[in-house]
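> Below is a structure I'd like to ask you about.
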Amino acid sequence: MMRYGLVIGPCLLIAVAFGLSGCEQSSSAEGVDDGVLRGKLTLTGSSTVAPLVGEIAKRFEQRHPEVRVDVQTGGSSRGIADTHSGLADIGMSSRSLKLGEQAGVTTHILAQDGVAFVINAANPVASLTNQQLHDIYTGKITRWSEVGDRDAPITVINRAEGRSELELVTKFFEIKPSDIQPTLVAGENQECVKLVAGNPDAIAYLSVGTAEYESQRGTPLKLLPFAGVEANTTTVKAGTFPLGRPLVLITKNGRSPLVDAFIEFALTPAVDDLIEGQSFVSPR
Amino acid sequence: MSHRVKDGLLLAVLRLSAVASGSLVVLVAVFLVIEAWPALSPDGAIGIGGFVSDPSWHPIEQKFNLVPMVAASLLAMGGAMLLAVPLGVASALFCSWFAPKWLATPYRRVLELLAGIPSVVYGFWGLVVLVPLIGRFQPPGASLLAGVLILAVMVLPTVALLSEAAIQNVPRNVVRGASALGLDRWSTVWRVVLPAARGGIATACLLAACRAIGETMAVLMVCGNVVQLPGGVFDPVRALTANIALEMGYAFGDHRSALFVTGLILLAVVVVLVLAAEWVGGGRVRNTAARGVANGGGRA
């Protein structure tokens with residue numbers, strides 16, 4: 001019988017997995033009975049915010065065992081659209097809402113983040129002007145000798161389409177993603193860290209929190225000041241860092257007690273350690 | 001339980017599992033087509049033409065040209081096969097015809113170990129060793145060449161182990177016939193064994209090619225992922241698999257559908273490779289693969 005088990009087992013598993021993924025689509029039923037929160041919350045949106053919200057959700061579920069929180073990614077725009085359409089109870093966004101998106105919803109600032117330009121610690125360049133950064137990324141400057149004493153070709157690391165960092169940088173420099181002339185394309189923040197740490201000629205942009213965390217732990221990274229402002233979590237927190245961005249939760253007006261409870265919990269100092277754990281900056 | 005009931009039960013179970021595994025493939029294909037349809041349909045935003053004629057791959061700007069990535073995948077696979085096939089077949093011949101037994105057995109174990117290393121480990125090794133090494137001569141290092149080298153190392157054990165299985169499958173009497181004719185070892189191998197095992201070796205190569213084109217993690221880590229037609233082996237490229245892995249978590253709408261189209265193309269390439277393997281091997285794919293698995297070499 002063992003032999004057949006080997007065949008049927010995986011089939012069953014896959015069938016169950018299909019069944020489960022079907023369940024996720026079901027709408028959220030919720031309620032409060034005798035002071036106990038129960039039901040299901042669905043959150044969709046920014047993949048920058050999602051890991052943090054996932055941690056918060058875990059802690060929230062521990063406190064309210066009858067509640068299930070489902071966190072899905074798909075980008076900030078999807079999170080905002082899903083909140084408007086009611087597909088999600090709460091949306092996650094790593095940018096502030098555009099004018100047309102603000103009607104009928106409330107935004108709650110969960111944490112602050114910034115995007116810093118980073119080079120290898122062995123690179124003698126101490127700072128770059130915005131124009132120089134613009135020219136490096138659009139391919140007008142291709143060698144380090146054009147901005148400093150040392151000569152080497154610049155390894156320009158861009159981010160994959162859809163990443164919020166790319167969106168923020170292109171918006172700031174008022175360029176299109178297709179204007180950028182990359183040498184390499186990276187996905188995750190950590191990938192940027194690895195690439196820059198291993199290449200003295202590289203430049204990349206990534207989350208300030210991640211870059212600061214890594215450089216404090218001895219990774220050979222140098223965070224470039226941006227428009228004269230030091231890139232670190234202090235300036236991000238103070239709101240003086242120009243490439244800063246809020247990480248927000250979005251709710252439809254007229255929300256349920258369960259959504260209320262989650263938002264309330266996510267905005268308390270009880271989640272500060274989680275925010276710092278993801279190398280973001282707490283707004284408190 | 002009578003024999004008939006037992007047999008009936010066995011038959012039912014076997015049929016059920018056959019239907020289950022068969023329908024899984026169909027389900028996956030149907031799912032891919034459904035998800036890709038918004039991008040493929042003639043009245044959609046992209047249409048089939050857009051994937052070929054758009055100026056570049058910039059989904060945010062509604063540009064969806066997949067040609068550079070198809071080329072990158074095929075080039076990386078082709079390059080890897082070019083390196084892995086001669087080495088793999090040579091190592092198979094060495095193992096079954098020339099190596100003394102005390103060397104052949106450990107050598108085979110090493111190959112099996114090589115086949116069992118997860119691709120992410122190869123990728124990581126490539127990222128921290130191979131890429132900086134290439135980068136010293138031709139910065140930035142992450143390139144088509146790095147992808148070709150990593151893939152070659154990854155599929156080498158597949159070629160070697162499956163080819164060896166094919167060589168050992170050559171009927172004994174054929175080999176004895178060669179001995180009876182007084183052929184030396186080299187002539188036996190070159191003139192008798194290799195031609196007899198040709199189908200099995202070709203099958204081994206095509207299965208390895210399937211693995212190379214489907215490889216994601218290692219390619220993602222060492223190829224640089226810039227979407228462009230490479231002008232040389234030192235240019236960074238993005239493979240189809242890497243495109244899906246890199247952007248799927250962040251895509252929605254047309255962008256998402258376009259990624260499913262990427263998946264469909266991959267599936268089509270693999271189907272062509274498997275059909276080619278069936279054709280070349282004359283139905284010997286199953287035998288060779290089974291021997292390979294029995295030897296510990298075959299791996300999903």
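Letters A, B, ... go to the chains of the structure tokens in the order shown; residues in each chain start at 1; ligands are counted from 1 in the same order.
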Residues of chain B that have any atom at most 8 Å from an atom of chain A: could you tabulate them with the shortest-distance atom pair and the distance in Å to one decimal, using only C-alpha atoms, ordered by chain and increasing number, as JSON lines?

```
{"residue": "B:Val13", "atom": "CA", "partner": "A:Tyr4", "partner_atom": "CA", "distance": 7.6}
{"residue": "B:Leu14", "atom": "CA", "partner": "A:Tyr4", "partner_atom": "CA", "distance": 7.5}
{"residue": "B:Ser17", "atom": "CA", "partner": "A:Ile8", "partner_atom": "CA", "distance": 6.0}
{"residue": "B:Ala20", "atom": "CA", "partner": "A:Cys11", "partner_atom": "CA", "distance": 6.6}
{"residue": "B:Ser21", "atom": "CA", "partner": "A:Cys11", "partner_atom": "CA", "distance": 7.0}
{"residue": "B:His58", "atom": "CA", "partner": "A:Ser178", "partner_atom": "CA", "distance": 6.4}
{"residue": "B:Pro59", "atom": "CA", "partner": "A:Glu161", "partner_atom": "CA", "distance": 7.0}
{"residue": "B:Ile60", "atom": "CA", "partner": "A:Glu161", "partner_atom": "CA", "distance": 7.0}
{"residue": "B:Glu61", "atom": "CA", "partner": "A:Pro177", "partner_atom": "CA", "distance": 7.9}
{"residue": "B:Val128", "atom": "CA", "partner": "A:Gly198", "partner_atom": "CA", "distance": 7.5}
{"residue": "B:Pro132", "atom": "CA", "partner": "A:Gly198", "partner_atom": "CA", "distance": 7.1}
{"residue": "B:Pro139", "atom": "CA", "partner": "A:Thr155", "partner_atom": "CA", "distance": 7.7}
{"residue": "B:Pro140", "atom": "CA", "partner": "A:Thr155", "partner_atom": "CA", "distance": 6.2}
{"residue": "B:Ala142", "atom": "CA", "partner": "A:Leu184", "partner_atom": "CA", "distance": 7.6}
{"residue": "B:Gly224", "atom": "CA", "partner": "A:Leu184", "partner_atom": "CA", "distance": 4.7}
{"residue": "B:Asn225", "atom": "CA", "partner": "A:Val185", "partner_atom": "CA", "distance": 5.1}
{"residue": "B:Val226", "atom": "CA", "partner": "A:Val185", "partner_atom": "CA", "distance": 5.5}
{"residue": "B:Pro236", "atom": "CA", "partner": "A:Leu184", "partner_atom": "CA", "distance": 6.9}
{"residue": "B:Leu246", "atom": "CA", "partner": "A:Gly187", "partner_atom": "CA", "distance": 5.9}
{"residue": "B:Glu247", "atom": "CA", "partner": "A:Ala160", "partner_atom": "CA", "distance": 6.6}
{"residue": "B:Gly249", "atom": "CA", "partner": "A:Gly74", "partner_atom": "CA", "distance": 5.9}
{"residue": "B:Tyr250", "atom": "CA", "partner": "A:Gly74", "partner_atom": "CA", "distance": 5.0}
{"residue": "B:Ala251", "atom": "CA", "partner": "A:Gly74", "partner_atom": "CA", "distance": 5.9}
{"residue": "B:Phe252", "atom": "CA", "partner": "A:Gly74", "partner_atom": "CA", "distance": 6.2}
```
> Could you pull out the residues in range 19-116 of chain A that DSSP calls helix (DSSP H, G or I) from the backbone, as a PyMOL selection string?
chain A and resi 19-23+50-63+76-85+99-101
> May I ask for the distance between CA of Leu87 in chain A and CA of Thr251 in chain A, given in Å to one decimal place?
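According to the coordinates, CA of Leu87 in chain A and CA of Thr251 in chain A are separated by 11.5 Å.
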> Quick one: everything within 10 Å of Thr240 in chain A, counting only C-alpha atoms, minus sequence neighbours fewer than 5 positions away in the same chain. Send it as a list in words.
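The contact residues come out as Val229, Glu230, Ala231, Thr234 and Thr235 of chain A.
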> Could you check the closest approach to Gly244 in chain A for each of A:Ala50, A:Leu206, A:Ala122, A:Val259 and tell me which residue wins, using only C-alpha atoms?
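Answer, going by the shortest atom-to-atom distance: A:Leu206.
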> Using backbone DSSP assignments, extract all strand (DSSP E or B) residues from range 104-243 of chain A; output them as an mmCIF file with C-alpha atoms, in the first residue's frame.

```
data_model
loop_
_atom_site.group_PDB
_atom_site.id
_atom_site.type_symbol
_atom_site.label_atom_id
_atom_site.label_comp_id
_atom_site.auth_asym_id
_atom_site.auth_seq_id
_atom_site.Cartn_x
_atom_site.Cartn_y
_atom_site.Cartn_z
ATOM 1 C CA VAL A 105 -11.248 56.619 3.110
ATOM 2 C CA THR A 106 -9.109 57.429 6.132
ATOM 3 C CA THR A 107 -5.328 57.000 6.228
ATOM 4 C CA HIS A 108 -3.409 56.035 9.346
ATOM 5 C CA ILE A 109 0.367 56.519 9.447
ATOM 6 C CA LEU A 110 1.882 53.252 10.620
ATOM 7 C CA ALA A 111 5.583 54.103 10.242
ATOM 8 C CA GLN A 112 8.043 56.262 8.325
ATOM 9 C CA ASP A 113 10.596 55.065 5.808
ATOM 10 C CA GLY A 114 13.037 56.681 3.430
ATOM 11 C CA VAL A 115 15.068 55.708 0.391
ATOM 12 C CA ALA A 116 18.816 56.340 0.543
ATOM 13 C CA PHE A 117 21.464 56.215 -2.183
ATOM 14 C CA VAL A 118 24.201 53.867 -1.086
ATOM 15 C CA ILE A 119 27.761 53.204 -2.303
ATOM 16 C CA ASN A 120 30.516 50.860 -1.165
ATOM 17 C CA ARG A 143 32.497 56.859 -14.753
ATOM 18 C CA PRO A 153 33.002 52.509 -14.503
ATOM 19 C CA THR A 155 27.771 50.014 -11.695
ATOM 20 C CA VAL A 156 24.274 51.497 -11.633
ATOM 21 C CA ILE A 157 21.875 49.262 -9.694
ATOM 22 C CA ASN A 158 18.209 49.855 -10.412
ATOM 23 C CA ARG A 159 15.148 48.166 -8.866
ATOM 24 C CA LEU A 184 22.101 45.669 -12.898
ATOM 25 C CA VAL A 185 18.554 45.247 -11.647
ATOM 26 C CA ALA A 186 17.883 44.076 -8.098
ATOM 27 C CA ALA A 202 28.340 50.172 -7.368
ATOM 28 C CA ILE A 203 25.599 52.594 -6.456
ATOM 29 C CA ALA A 204 22.080 51.591 -5.432
ATOM 30 C CA TYR A 205 19.080 53.010 -3.640
ATOM 31 C CA LEU A 206 17.242 51.188 -0.879
ATOM 32 C CA SER A 207 15.343 51.561 2.372
ATOM 33 C CA LEU A 221 28.134 50.458 2.911
ATOM 34 C CA LYS A 222 28.153 54.242 2.800
ATOM 35 C CA LEU A 223 24.849 56.099 2.943
ATOM 36 C CA PHE A 226 20.675 63.491 -0.002
ATOM 37 C CA VAL A 229 20.583 65.973 4.542
#
```
> Between CA of Thr83 in chain A and CA of Ser257 in chain B, what is the distance, to one decimal in Å?
21.7 Å
> Quote the spacing between CA of Lys40 in chain A and CA of Val53 in chain A in Å to one decimal place.
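Straight-line distance from CA of Lys40 in chain A to CA of Val53 in chain A works out to 14.9 Å.
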> Give me the residues within 9 Å of range 189-200 of chain B as a ChimeraX atom specification, counting only C-alpha atoms and dropping any in the same chain fewer than 2 places off.
/B:93,97,162-163,165-171,174-175,178,184-187,202-205,277,280-282,284-285,287-288
> Residues at most 8 Å from Thr233 in chain A, counting only C-alpha atoms, excluding those fewer than 4 positions away in the same chain, as a list in words?
Asp113, Val208, Gly209, Glu212, Lys237, Phe280 and Val281 of chain A
> Write to file, as a PDB file, in the first residue's frame, the residues of the selection just made, with C-alpha atoms.

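What follows is the written file part-v7.pdb:
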```pdb
ATOM      1  CA  ASP A 113      10.596  55.065   5.808  1.00  0.00           C
ATOM      2  CA  VAL A 208      17.164  53.882   4.807  1.00  0.00           C
ATOM      3  CA  GLY A 209      16.340  51.568   7.691  1.00  0.00           C
ATOM      4  CA  GLU A 212      21.559  51.896   8.324  1.00  0.00           C
ATOM      5  CA  LYS A 237      11.759  60.513  11.754  1.00  0.00           C
ATOM      6  CA  PHE A 280      11.377  51.335   9.715  1.00  0.00           C
ATOM      7  CA  VAL A 281      10.903  54.390  11.902  1.00  0.00           C
TER       8      VAL A 281
END
```
> Within 12 Å of Arg109 in chain B, counting only C-alpha atoms, which residues qualify if same-chain residues fewer than 3 places away don't, as an mmCIF file with N, CA and C atoms, in the first residue's frame?

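Contents of part-v1.cif, as written:
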```
data_model
loop_
_atom_site.group_PDB
_atom_site.id
_atom_site.type_symbol
_atom_site.label_atom_id
_atom_site.label_comp_id
_atom_site.auth_asym_id
_atom_site.auth_seq_id
_atom_site.Cartn_x
_atom_site.Cartn_y
_atom_site.Cartn_z
ATOM 1 N N CYS B 95 33.371 6.983 -16.280
ATOM 2 C CA CYS B 95 32.833 6.249 -15.140
ATOM 3 C C CYS B 95 32.557 4.793 -15.494
ATOM 4 N N TRP B 102 37.448 1.466 -7.764
ATOM 5 C CA TRP B 102 37.630 2.220 -6.515
ATOM 6 C C TRP B 102 37.484 3.729 -6.755
ATOM 7 N N LEU B 103 37.640 4.144 -8.019
ATOM 8 C CA LEU B 103 37.497 5.565 -8.330
ATOM 9 C C LEU B 103 36.087 5.866 -8.841
ATOM 10 N N ALA B 104 35.541 4.925 -9.639
ATOM 11 C CA ALA B 104 34.244 5.165 -10.266
ATOM 12 C C ALA B 104 33.141 5.369 -9.233
ATOM 13 N N THR B 105 33.133 4.558 -8.196
ATOM 14 C CA THR B 105 32.051 4.651 -7.221
ATOM 15 C C THR B 105 32.056 5.982 -6.467
ATOM 16 N N PRO B 106 33.183 6.388 -5.867
ATOM 17 C CA PRO B 106 33.162 7.708 -5.212
ATOM 18 C C PRO B 106 32.864 8.849 -6.183
ATOM 19 N N GLU B 112 26.294 12.615 -7.780
ATOM 20 C CA GLU B 112 24.945 12.567 -7.199
ATOM 21 C C GLU B 112 24.774 13.674 -6.174
ATOM 22 N N LEU B 113 25.814 13.923 -5.429
ATOM 23 C CA LEU B 113 25.787 15.005 -4.440
ATOM 24 C C LEU B 113 25.599 16.344 -5.149
ATOM 25 N N LEU B 114 26.336 16.503 -6.242
ATOM 26 C CA LEU B 114 26.260 17.736 -7.032
ATOM 27 C C LEU B 114 24.831 17.948 -7.534
ATOM 28 N N ALA B 115 24.179 16.842 -7.923
ATOM 29 C CA ALA B 115 22.814 16.920 -8.425
ATOM 30 C C ALA B 115 21.842 17.294 -7.312
ATOM 31 N N GLY B 116 22.234 16.998 -6.072
ATOM 32 C CA GLY B 116 21.294 17.204 -4.973
ATOM 33 C C GLY B 116 21.394 18.567 -4.311
ATOM 34 N N PRO B 157 25.622 17.162 -13.684
ATOM 35 C CA PRO B 157 25.314 15.851 -13.107
ATOM 36 C C PRO B 157 24.129 15.173 -13.788
ATOM 37 N N ALA B 160 25.517 13.724 -16.952
ATOM 38 C CA ALA B 160 26.467 12.650 -16.667
ATOM 39 C C ALA B 160 25.755 11.386 -16.176
ATOM 40 N N LEU B 161 24.861 11.545 -15.203
ATOM 41 C CA LEU B 161 24.233 10.370 -14.598
ATOM 42 C C LEU B 161 23.270 9.682 -15.562
ATOM 43 N N ASN B 295 19.506 5.361 -9.912
ATOM 44 C CA ASN B 295 20.895 5.654 -9.558
ATOM 45 C C ASN B 295 21.012 6.854 -8.629
ATOM 46 N N GLY B 296 19.903 7.456 -8.331
ATOM 47 C CA GLY B 296 19.930 8.608 -7.442
ATOM 48 C C GLY B 296 20.212 9.902 -8.169
ATOM 49 N N GLY B 297 20.256 9.851 -9.482
ATOM 50 C CA GLY B 297 20.635 11.042 -10.243
ATOM 51 C C GLY B 297 19.462 11.915 -10.608
#
```
> List the neighbours of Ser143 in chain B out to 8 Å using only C-alpha atoms; skip same-chain residues closer than 6 positions along the sequence, and give me the result as a list in words.
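My reading of the contact set: Val131, Val222, Cys223, Gly224, Val233, Phe234, Asp235, Pro236 and Val237 of chain B.
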> Quick one: write out the picked residues with N, CA and C atoms as a compact mmCIF listing (two decimals), in the first residue's frame?

```txt
# COMPACT_ATOMS: atom_id res chain seq x y z
N VAL B 131 30.63 35.89 -9.59
CA VAL B 131 30.34 37.23 -10.11
C VAL B 131 31.48 38.22 -9.82
N VAL B 222 22.66 35.65 -10.43
CA VAL B 222 23.94 35.93 -11.08
C VAL B 222 23.86 36.66 -12.43
N CYS B 223 22.63 36.79 -12.98
CA CYS B 223 22.57 37.31 -14.35
C CYS B 223 22.41 38.83 -14.45
N GLY B 224 22.17 39.52 -13.36
CA GLY B 224 22.09 40.97 -13.42
C GLY B 224 20.71 41.52 -13.73
N VAL B 233 28.94 38.08 -24.03
CA VAL B 233 28.69 37.22 -22.88
C VAL B 233 28.84 37.98 -21.55
N PHE B 234 29.46 39.16 -21.59
CA PHE B 234 29.65 39.90 -20.34
C PHE B 234 28.50 40.86 -20.04
N ASP B 235 27.49 40.91 -20.91
CA ASP B 235 26.35 41.79 -20.67
C ASP B 235 25.35 41.11 -19.73
N PRO B 236 24.79 41.89 -18.80
CA PRO B 236 23.76 41.31 -17.95
C PRO B 236 22.46 41.06 -18.75
N VAL B 237 21.76 40.02 -18.40
CA VAL B 237 20.50 39.70 -19.06
C VAL B 237 19.46 39.29 -18.01
```
> Considering only C-alpha atoms, can you say which of B:Leu206, B:Ile46, B:Leu151, B:Ala180 comes closest to Trp279 in chain B?
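Of all the options, B:Leu206 lies closest to Trp279 in chain B.
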